[in-house]
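Source file: final_21.txt (compact mmCIF, N, CA and C atoms)
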```
# COMPACT_ATOMS: atom_id res chain seq x y z
N MET K 1 0.82 -1.20 0.00
CA MET K 1 0.00 0.00 0.00
C MET K 1 0.87 1.27 0.00
N VAL K 2 2.04 1.20 0.60
CA VAL K 2 2.92 2.36 0.65
C VAL K 2 3.37 2.75 -0.76
N TRP K 3 3.58 1.78 -1.63
CA TRP K 3 4.03 2.07 -2.99
C TRP K 3 3.00 2.88 -3.75
N ILE K 4 1.72 2.68 -3.44
CA ILE K 4 0.68 3.48 -4.10
C ILE K 4 0.81 4.94 -3.69
N LEU K 5 1.04 5.18 -2.40
CA LEU K 5 1.22 6.57 -1.92
C LEU K 5 2.45 7.21 -2.55
N ILE K 6 3.50 6.44 -2.70
CA ILE K 6 4.72 6.95 -3.33
C ILE K 6 4.45 7.31 -4.79
N LEU K 7 3.73 6.45 -5.51
CA LEU K 7 3.40 6.73 -6.91
C LEU K 7 2.51 7.96 -7.05
N VAL K 8 1.53 8.09 -6.17
CA VAL K 8 0.65 9.26 -6.22
C VAL K 8 1.44 10.53 -5.91
N ALA K 9 2.32 10.48 -4.92
CA ALA K 9 3.14 11.65 -4.58
C ALA K 9 4.04 12.02 -5.76
N TYR K 10 4.66 11.01 -6.39
CA TYR K 10 5.50 11.26 -7.57
C TYR K 10 4.68 11.91 -8.68
N TRP K 11 3.49 11.35 -8.95
CA TRP K 11 2.63 11.85 -10.01
C TRP K 11 2.25 13.31 -9.75
N LEU K 12 1.91 13.63 -8.50
CA LEU K 12 1.55 15.01 -8.17
C LEU K 12 2.72 15.96 -8.37
N VAL K 13 3.90 15.55 -7.93
CA VAL K 13 5.09 16.40 -8.03
C VAL K 13 5.48 16.62 -9.49
N VAL K 14 5.52 15.56 -10.29
CA VAL K 14 5.95 15.72 -11.68
C VAL K 14 4.93 16.54 -12.47
N ASN K 15 3.66 16.43 -12.14
CA ASN K 15 2.65 17.24 -12.83
C ASN K 15 2.74 18.70 -12.39
N TRP K 16 3.03 18.95 -11.13
CA TRP K 16 3.22 20.33 -10.66
C TRP K 16 4.43 20.95 -11.36
N ILE K 17 5.51 20.18 -11.49
CA ILE K 17 6.71 20.68 -12.16
C ILE K 17 6.40 20.99 -13.63
N ALA K 18 5.68 20.09 -14.30
CA ALA K 18 5.33 20.33 -15.72
C ALA K 18 4.46 21.57 -15.86
N PHE K 19 3.48 21.72 -14.97
CA PHE K 19 2.60 22.89 -15.00
C PHE K 19 3.41 24.18 -14.83
N THR K 20 4.27 24.21 -13.82
CA THR K 20 5.05 25.42 -13.57
C THR K 20 6.09 25.67 -14.67
N ALA K 21 6.59 24.61 -15.29
CA ALA K 21 7.55 24.78 -16.40
C ALA K 21 6.89 25.47 -17.58
N LEU K 22 5.63 25.12 -17.86
CA LEU K 22 4.91 25.81 -18.94
C LEU K 22 4.72 27.28 -18.59
N GLY K 23 4.41 27.57 -17.34
CA GLY K 23 4.26 28.96 -16.91
C GLY K 23 5.56 29.73 -16.99
N TYR K 24 6.64 29.07 -16.59
CA TYR K 24 7.95 29.71 -16.65
C TYR K 24 8.35 29.99 -18.10
N ASP K 25 8.12 29.01 -18.97
CA ASP K 25 8.45 29.20 -20.38
C ASP K 25 7.61 30.32 -20.98
N LYS K 26 6.36 30.42 -20.59
CA LYS K 26 5.50 31.51 -21.08
C LYS K 26 6.06 32.86 -20.63
N SER K 27 6.50 32.95 -19.37
CA SER K 27 7.05 34.22 -18.89
C SER K 27 8.33 34.58 -19.65
N LEU K 28 9.13 33.58 -19.98
CA LEU K 28 10.33 33.84 -20.78
C LEU K 28 9.95 34.33 -22.18
N ALA K 29 8.90 33.74 -22.74
CA ALA K 29 8.45 34.13 -24.08
C ALA K 29 7.94 35.57 -24.08
N VAL K 30 7.20 35.95 -23.05
CA VAL K 30 6.64 37.30 -22.97
C VAL K 30 7.75 38.34 -22.84
N THR K 31 8.78 38.02 -22.06
CA THR K 31 9.87 38.98 -21.84
C THR K 31 10.93 38.93 -22.92
N GLY K 32 10.82 37.97 -23.85
CA GLY K 32 11.77 37.89 -24.95
C GLY K 32 13.09 37.24 -24.59
N LEU K 33 13.14 36.56 -23.46
CA LEU K 33 14.37 35.88 -23.05
C LEU K 33 14.47 34.51 -23.70
N ARG K 34 15.63 33.89 -23.55
CA ARG K 34 15.86 32.56 -24.12
C ARG K 34 14.90 31.57 -23.48
N ARG K 35 14.26 30.75 -24.31
CA ARG K 35 13.20 29.84 -23.88
C ARG K 35 13.72 28.47 -23.49
N MET K 36 12.87 27.72 -22.81
CA MET K 36 13.16 26.32 -22.50
C MET K 36 13.00 25.50 -23.78
N PRO K 37 13.88 24.55 -24.01
CA PRO K 37 13.69 23.68 -25.18
C PRO K 37 12.39 22.86 -25.03
N GLU K 38 11.70 22.68 -26.14
CA GLU K 38 10.47 21.90 -26.11
C GLU K 38 10.74 20.47 -25.65
N THR K 39 11.92 19.96 -25.95
CA THR K 39 12.24 18.60 -25.52
C THR K 39 12.18 18.47 -24.00
N HIS K 40 12.58 19.51 -23.28
CA HIS K 40 12.52 19.46 -21.81
C HIS K 40 11.07 19.37 -21.34
N LEU K 41 10.19 20.12 -21.98
CA LEU K 41 8.78 20.07 -21.61
C LEU K 41 8.19 18.71 -21.95
N LEU K 42 8.58 18.15 -23.08
CA LEU K 42 8.07 16.83 -23.47
C LEU K 42 8.63 15.73 -22.56
N ILE K 43 9.85 15.87 -22.12
CA ILE K 43 10.42 14.89 -21.18
C ILE K 43 9.64 14.90 -19.87
N LEU K 44 9.26 16.08 -19.39
CA LEU K 44 8.43 16.15 -18.19
C LEU K 44 7.10 15.41 -18.41
N ALA K 45 6.53 15.55 -19.59
CA ALA K 45 5.29 14.83 -19.90
C ALA K 45 5.53 13.33 -19.93
N ILE K 46 6.63 12.90 -20.54
CA ILE K 46 6.95 11.47 -20.60
C ILE K 46 7.15 10.89 -19.20
N LEU K 47 7.73 11.67 -18.32
CA LEU K 47 7.97 11.20 -16.95
C LEU K 47 6.69 11.13 -16.12
N GLY K 48 5.56 11.47 -16.72
CA GLY K 48 4.28 11.36 -16.03
C GLY K 48 3.57 12.67 -15.86
N GLY K 49 4.11 13.75 -16.40
CA GLY K 49 3.53 15.06 -16.20
C GLY K 49 2.65 15.56 -17.33
N SER K 50 2.05 14.65 -18.08
CA SER K 50 1.24 15.09 -19.21
C SER K 50 -0.01 15.85 -18.77
N VAL K 51 -0.60 15.46 -17.66
CA VAL K 51 -1.78 16.19 -17.15
C VAL K 51 -1.39 17.62 -16.78
N GLY K 52 -0.27 17.77 -16.10
CA GLY K 52 0.21 19.10 -15.74
C GLY K 52 0.59 19.93 -16.95
N ALA K 53 1.13 19.28 -17.97
CA ALA K 53 1.49 19.99 -19.20
C ALA K 53 0.23 20.50 -19.91
N PHE K 54 -0.79 19.65 -20.00
CA PHE K 54 -2.04 20.09 -20.62
C PHE K 54 -2.68 21.21 -19.81
N ALA K 55 -2.66 21.08 -18.49
CA ALA K 55 -3.24 22.12 -17.63
C ALA K 55 -2.47 23.42 -17.78
N GLY K 56 -1.14 23.34 -17.85
CA GLY K 56 -0.32 24.53 -18.02
C GLY K 56 -0.54 25.20 -19.37
N ARG K 57 -0.70 24.39 -20.40
CA ARG K 57 -0.98 24.95 -21.73
C ARG K 57 -2.28 25.75 -21.69
N GLN K 58 -3.29 25.18 -21.06
CA GLN K 58 -4.59 25.83 -21.02
C GLN K 58 -4.56 27.08 -20.12
N HIS K 59 -3.98 26.92 -18.93
CA HIS K 59 -3.98 28.02 -17.96
C HIS K 59 -3.16 29.22 -18.44
N PHE K 60 -1.98 28.95 -18.97
CA PHE K 60 -1.10 30.03 -19.41
C PHE K 60 -1.29 30.40 -20.88
N ARG K 61 -2.17 29.69 -21.57
CA ARG K 61 -2.40 29.89 -23.00
C ARG K 61 -1.07 29.90 -23.75
N HIS K 62 -0.35 28.79 -23.57
CA HIS K 62 1.01 28.69 -24.09
C HIS K 62 1.17 27.39 -24.87
N LYS K 63 1.68 27.49 -26.07
CA LYS K 63 1.94 26.36 -26.95
C LYS K 63 0.67 25.58 -27.28
N THR K 64 -0.45 26.28 -27.37
CA THR K 64 -1.72 25.60 -27.65
C THR K 64 -1.85 25.20 -29.11
N ARG K 65 -1.20 25.93 -30.01
CA ARG K 65 -1.26 25.60 -31.44
C ARG K 65 0.10 25.24 -32.02
N LYS K 66 1.09 25.17 -31.18
CA LYS K 66 2.47 24.92 -31.63
C LYS K 66 2.62 23.47 -32.10
N GLN K 67 3.06 23.32 -33.35
CA GLN K 67 3.30 21.99 -33.91
C GLN K 67 4.80 21.83 -34.12
N PRO K 68 5.37 20.67 -33.93
CA PRO K 68 4.74 19.40 -33.61
C PRO K 68 4.54 19.16 -32.12
N PHE K 69 4.79 20.17 -31.28
CA PHE K 69 4.69 20.00 -29.83
C PHE K 69 3.32 19.47 -29.42
N SER K 70 2.25 20.06 -29.94
CA SER K 70 0.89 19.65 -29.55
C SER K 70 0.63 18.19 -29.89
N THR K 71 1.01 17.79 -31.07
CA THR K 71 0.80 16.39 -31.48
C THR K 71 1.63 15.44 -30.63
N GLN K 72 2.86 15.81 -30.36
CA GLN K 72 3.72 14.95 -29.55
C GLN K 72 3.18 14.81 -28.13
N LEU K 73 2.68 15.90 -27.57
CA LEU K 73 2.10 15.85 -26.23
C LEU K 73 0.85 14.97 -26.21
N GLN K 74 0.03 15.07 -27.25
CA GLN K 74 -1.17 14.23 -27.33
C GLN K 74 -0.80 12.75 -27.46
N ILE K 75 0.21 12.44 -28.22
CA ILE K 75 0.65 11.04 -28.36
C ILE K 75 1.14 10.51 -27.03
N ILE K 76 1.93 11.30 -26.31
CA ILE K 76 2.42 10.89 -25.00
C ILE K 76 1.25 10.60 -24.06
N ALA K 77 0.27 11.49 -24.04
CA ALA K 77 -0.89 11.31 -23.16
C ALA K 77 -1.69 10.06 -23.54
N MET K 78 -1.85 9.82 -24.84
CA MET K 78 -2.59 8.62 -25.27
C MET K 78 -1.85 7.34 -24.87
N LEU K 79 -0.55 7.33 -25.04
CA LEU K 79 0.23 6.16 -24.65
C LEU K 79 0.13 5.92 -23.14
N GLN K 80 0.24 6.99 -22.36
CA GLN K 80 0.14 6.84 -20.91
C GLN K 80 -1.25 6.36 -20.49
N THR K 81 -2.29 6.85 -21.16
CA THR K 81 -3.65 6.41 -20.87
C THR K 81 -3.80 4.93 -21.19
N GLY K 82 -3.26 4.49 -22.31
CA GLY K 82 -3.31 3.08 -22.68
C GLY K 82 -2.56 2.20 -21.70
N ILE K 83 -1.39 2.65 -21.27
CA ILE K 83 -0.61 1.88 -20.29
C ILE K 83 -1.37 1.79 -18.97
N LEU K 84 -1.93 2.91 -18.53
CA LEU K 84 -2.68 2.92 -17.28
C LEU K 84 -3.90 2.00 -17.37
N ALA K 85 -4.62 2.06 -18.48
CA ALA K 85 -5.79 1.18 -18.67
C ALA K 85 -5.36 -0.29 -18.65
N GLY K 86 -4.26 -0.59 -19.30
CA GLY K 86 -3.75 -1.96 -19.31
C GLY K 86 -3.39 -2.45 -17.92
N LEU K 87 -2.76 -1.59 -17.13
CA LEU K 87 -2.40 -1.96 -15.76
C LEU K 87 -3.64 -2.18 -14.89
N VAL K 88 -4.63 -1.30 -15.07
CA VAL K 88 -5.86 -1.46 -14.29
C VAL K 88 -6.54 -2.78 -14.64
N ILE K 89 -6.59 -3.11 -15.92
CA ILE K 89 -7.21 -4.36 -16.35
C ILE K 89 -6.40 -5.57 -15.85
N ALA K 90 -5.09 -5.48 -15.95
CA ALA K 90 -4.23 -6.59 -15.55
C ALA K 90 -4.30 -6.86 -14.07
N PHE K 91 -4.42 -5.82 -13.25
CA PHE K 91 -4.38 -6.00 -11.80
C PHE K 91 -5.73 -5.88 -11.12
N ALA K 92 -6.79 -5.76 -11.90
CA ALA K 92 -8.13 -5.67 -11.31
C ALA K 92 -8.53 -7.03 -10.74
N PRO K 93 -9.14 -7.01 -9.56
CA PRO K 93 -9.58 -8.28 -8.98
C PRO K 93 -10.70 -8.89 -9.84
N ILE K 94 -10.66 -10.18 -9.96
CA ILE K 94 -11.66 -10.88 -10.78
C ILE K 94 -12.83 -11.29 -9.89
N GLY K 95 -14.03 -10.96 -10.40
CA GLY K 95 -15.27 -11.41 -9.80
C GLY K 95 -15.65 -10.76 -8.57
```

Mind turning the file's structure into structure tokens?
Amino acid sequence: MVWILILVAYWLVVNWIAFTALGYDKSLAVTGLRRMPETHLLILAILGGSVGAFAGRQHFRHKTRKQPFSTQLQIIAMLQTGILAGLVIAFAPIG
């Protein structure tokens, strides 16, 4: 049971980091300073922060139409959803 709490804590932290990274990158864009590489934002999504990345995009209105970033983020989220669904099905109690 402890491992579930650890996974939830990790998920919350990585999503918070992804959310704030989108906000930070938006502030850099507004001020005209050097931006964060998109690969860094996508790596945060791959590490489990796709929900935070989508929330940050919406909240900060940042990279909402940027291609190929938007497509890559959607693919990451779909893969994570499929993996999560597979795990739930695999470990769900029968009957």

### Task
May I have the residues within 8 Å of region 17-34 of chain K as number ranges by chain, using all atoms listed in the file and disregarding those fewer than 3 positions away in the same chain?
K: 11-14, 37, 41, 44-45, 48-57, 59-63

Could you write out that same residue set with N, CA and C atoms as a short mmCIF file (atom, residue, chain, number, x, y, z; two decimals), in the coordinates of the input?
```cif
data_model
loop_
_atom_site.label_atom_id
_atom_site.label_comp_id
_atom_site.auth_asym_id
_atom_site.auth_seq_id
_atom_site.Cartn_x
_atom_site.Cartn_y
_atom_site.Cartn_z
N TRP K 11 3.49 11.35 -8.95
CA TRP K 11 2.63 11.85 -10.01
C TRP K 11 2.25 13.31 -9.75
N LEU K 12 1.91 13.63 -8.50
CA LEU K 12 1.55 15.01 -8.17
C LEU K 12 2.72 15.96 -8.37
N VAL K 13 3.90 15.55 -7.93
CA VAL K 13 5.09 16.40 -8.03
C VAL K 13 5.48 16.62 -9.49
N VAL K 14 5.52 15.56 -10.29
CA VAL K 14 5.95 15.72 -11.68
C VAL K 14 4.93 16.54 -12.47
N PRO K 37 13.88 24.55 -24.01
CA PRO K 37 13.69 23.68 -25.18
C PRO K 37 12.39 22.86 -25.03
N LEU K 41 10.19 20.12 -21.98
CA LEU K 41 8.78 20.07 -21.61
C LEU K 41 8.19 18.71 -21.95
N LEU K 44 9.26 16.08 -19.39
CA LEU K 44 8.43 16.15 -18.19
C LEU K 44 7.10 15.41 -18.41
N ALA K 45 6.53 15.55 -19.59
CA ALA K 45 5.29 14.83 -19.90
C ALA K 45 5.53 13.33 -19.93
N GLY K 48 5.56 11.47 -16.72
CA GLY K 48 4.28 11.36 -16.03
C GLY K 48 3.57 12.67 -15.86
N GLY K 49 4.11 13.75 -16.40
CA GLY K 49 3.53 15.06 -16.20
C GLY K 49 2.65 15.56 -17.33
N SER K 50 2.05 14.65 -18.08
CA SER K 50 1.24 15.09 -19.21
C SER K 50 -0.01 15.85 -18.77
N VAL K 51 -0.60 15.46 -17.66
CA VAL K 51 -1.78 16.19 -17.15
C VAL K 51 -1.39 17.62 -16.78
N GLY K 52 -0.27 17.77 -16.10
CA GLY K 52 0.21 19.10 -15.74
C GLY K 52 0.59 19.93 -16.95
N ALA K 53 1.13 19.28 -17.97
CA ALA K 53 1.49 19.99 -19.20
C ALA K 53 0.23 20.50 -19.91
N PHE K 54 -0.79 19.65 -20.00
CA PHE K 54 -2.04 20.09 -20.62
C PHE K 54 -2.68 21.21 -19.81
N ALA K 55 -2.66 21.08 -18.49
CA ALA K 55 -3.24 22.12 -17.63
C ALA K 55 -2.47 23.42 -17.78
N GLY K 56 -1.14 23.34 -17.85
CA GLY K 56 -0.32 24.53 -18.02
C GLY K 56 -0.54 25.20 -19.37
N ARG K 57 -0.70 24.39 -20.40
CA ARG K 57 -0.98 24.95 -21.73
C ARG K 57 -2.28 25.75 -21.69
N HIS K 59 -3.98 26.92 -18.93
CA HIS K 59 -3.98 28.02 -17.96
C HIS K 59 -3.16 29.22 -18.44
N PHE K 60 -1.98 28.95 -18.97
CA PHE K 60 -1.10 30.03 -19.41
C PHE K 60 -1.29 30.40 -20.88
N ARG K 61 -2.17 29.69 -21.57
CA ARG K 61 -2.40 29.89 -23.00
C ARG K 61 -1.07 29.90 -23.75
N HIS K 62 -0.35 28.79 -23.57
CA HIS K 62 1.01 28.69 -24.09
C HIS K 62 1.17 27.39 -24.87
N LYS K 63 1.68 27.49 -26.07
CA LYS K 63 1.94 26.36 -26.95
C LYS K 63 0.67 25.58 -27.28
#
```

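Here CA of Ile46 (chain K) and CA of Ile89 (chain K) stand 21.7 Å from one another.
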
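The gap separating CA of Asn15 (chain K) from atom C of Leu73 (chain K) is 13.7 Å, in Å to one decimal.
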
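Note that the spacing between atom C of Gln67 (chain K) and atom N of Thr39 (chain K) amounts to 11.0 Å.
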